[in-house]
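Scroll down for the structure; my scribbles are underneath it.
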Amino acid sequence: MTTKIDLLHTLRHEWRWIGRRPSARDAARRLDARHPDLELGDHLDLCDVVDLCESRSGRSVVERAQIVRALLEEASDPDIHRALLQTLLPGVVSVCRQLRFGEGIIEEPSETLAVAISLLSELLVDWAGQSRAYAAPDLLSALRSRVRRWMLKEKDARQAAANYEPVERAADETSPLLSRLESLRADHDRLVRLTFARVFEGRSLRELAAADHSAPVALQSELQHFAVRYLL
């Protein structure tokens, strides 16, 4: 899954810079001062803290759990928020695997992974400041529920979109749909033009995709989502 690998690689590459910048070193020092029981040591940055959470760090399971707990308690700090997100990335992939990356609902597994990472970031904002002995499994369990709810919403949206079948003949240009499209033109000009051509001019999806330089399947999905969100 190349896109998934690329996304994770990008996050890891980004983290090498974020975790060692001056604000990250300051955040690590504050974390050490507020949680001396963690024995983080001197001259740490957040890359070092994240490394301590890995199984090969030499820290025990309990010690690693204590570090994650402290990170969640301090997650209102943007750098620590990002450190906790980085720490939990392997767990995010596991959650997506458990849900089979939305197979049968989501077309691209990479979309599921991207949404899961975004939902985890939102979850960290919601839970920042909490003290949980089992912060990592608690967060990943909550994430699994959020990703599942997102998948179910996507499934419902696709079913609704399936009921919206543009007719092959040109539609009546005095219809309310035309008025609705015109009202959306300022913010969604491209999709309005494509929908107009599909519905009112009866042009084929393949023809529109060729003119739009997009794949027919991708364009169909995009038009369906546009219809569900703004036209139905």
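Quick note on naming: the chains in the structure tokens go A, B, ... in the order shown, residues restart at 1 in each chain, and ligands are numbered from 1 in order of appearance.
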
(message) Considering only alpha helix (DSSP H) as DSSP defines it on the backbone, what residues of range 17-204 of chain A qualify? List them as a PyMOL selection string.
(response) chain A and resi 17-18+22-34+46-52+61-73+78-98+109-127+135-162+176-184+189-199

(message) Set the distance at 8 Å and use only C-alpha atoms: which residues neighbour range 60-77 of chain A once local chain neighbours fewer than 4 positions away are removed? I'd like the list as a list in words.
(response) Ala27, Leu31, His35, Leu38, Leu52, Cys53, Glu54, Ser55, His81, Ala83, Leu84, Leu124, Val125, Trp127, Ala128, Gly129, Gln130, Ser131, Arg132, Ala133, Tyr134, Ala135 and Ala136 of chain A

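Across A:Leu181, A:Cys47, A:Leu119, A:Ala157, the tightest approach to Ala24 in chain A is made by A:Cys47 when counting only C-alpha atoms.
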
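Among the candidate residues A:Leu89, A:Leu194, A:Met151, A:Val50, the one lying nearest to Asp212 in chain A is A:Leu194, with distances computed using only C-alpha atoms.
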
(message) So that I can see what lies close to Arg30 in chain A, please list as a ChimeraX atom specification the residues with an atom at most 12 Å from it, counting only C-alpha atoms and leaving out residues fewer than 2 positions away in the same chain.
(response) /A:23-28,32-36,40-46,70-71,74,77,79-80

Requested write-out: C-alpha atoms of the selected residues, as an mmCIF file, in the first residue's frame:
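Just written: part.cif:
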```cif
data_model
loop_
_atom_site.group_PDB
_atom_site.id
_atom_site.type_symbol
_atom_site.label_atom_id
_atom_site.label_comp_id
_atom_site.auth_asym_id
_atom_site.auth_seq_id
_atom_site.Cartn_x
_atom_site.Cartn_y
_atom_site.Cartn_z
ATOM 1 C CA SER A 23 10.178 24.435 21.359
ATOM 2 C CA ALA A 24 10.251 20.618 21.536
ATOM 3 C CA ARG A 25 13.354 20.704 23.729
ATOM 4 C CA ASP A 26 11.631 23.233 25.997
ATOM 5 C CA ALA A 27 8.517 21.030 26.144
ATOM 6 C CA ALA A 28 10.642 18.001 27.054
ATOM 7 C CA ASP A 32 10.680 16.256 32.963
ATOM 8 C CA ALA A 33 10.192 18.971 35.598
ATOM 9 C CA ARG A 34 6.489 18.190 36.065
ATOM 10 C CA HIS A 35 6.968 14.425 36.078
ATOM 11 C CA PRO A 36 10.298 13.728 37.786
ATOM 12 C CA LEU A 40 13.646 11.353 31.592
ATOM 13 C CA GLY A 41 17.168 12.635 32.176
ATOM 14 C CA ASP A 42 18.889 15.822 31.067
ATOM 15 C CA HIS A 43 19.162 17.414 27.621
ATOM 16 C CA LEU A 44 16.217 15.522 26.183
ATOM 17 C CA ASP A 45 14.083 16.561 23.284
ATOM 18 C CA LEU A 46 10.725 15.077 22.354
ATOM 19 C CA ALA A 70 2.189 12.038 31.253
ATOM 20 C CA LEU A 71 2.127 12.980 27.577
ATOM 21 C CA GLU A 74 0.414 17.659 28.999
ATOM 22 C CA ASP A 77 1.056 21.751 24.477
ATOM 23 C CA ASP A 79 4.623 19.851 20.614
ATOM 24 C CA ILE A 80 3.627 17.248 23.184
#
```

(request) Kindly give the distance, in Å, that separates CA of Arg144 in chain A and CA of Val95 in chain A, rounded to a single decimal. (result) 5.9 Å

(message) At a cut-off of 10 Å, using only C-alpha atoms, what residues contact range 188-192 of chain A? Leave out same-chain residues fewer than 3 positions from it and give the result as a ChimeraX atom specification.
(response) /A:178,180-185,195-198,212,219,222-223,226-227

(request) Considering only C-alpha atoms, state which residue in the set A:Lys155, A:Glu122, A:Arg56, A:Asp138 is at the smallest distance from Glu107 in chain A. (result) A:Lys155
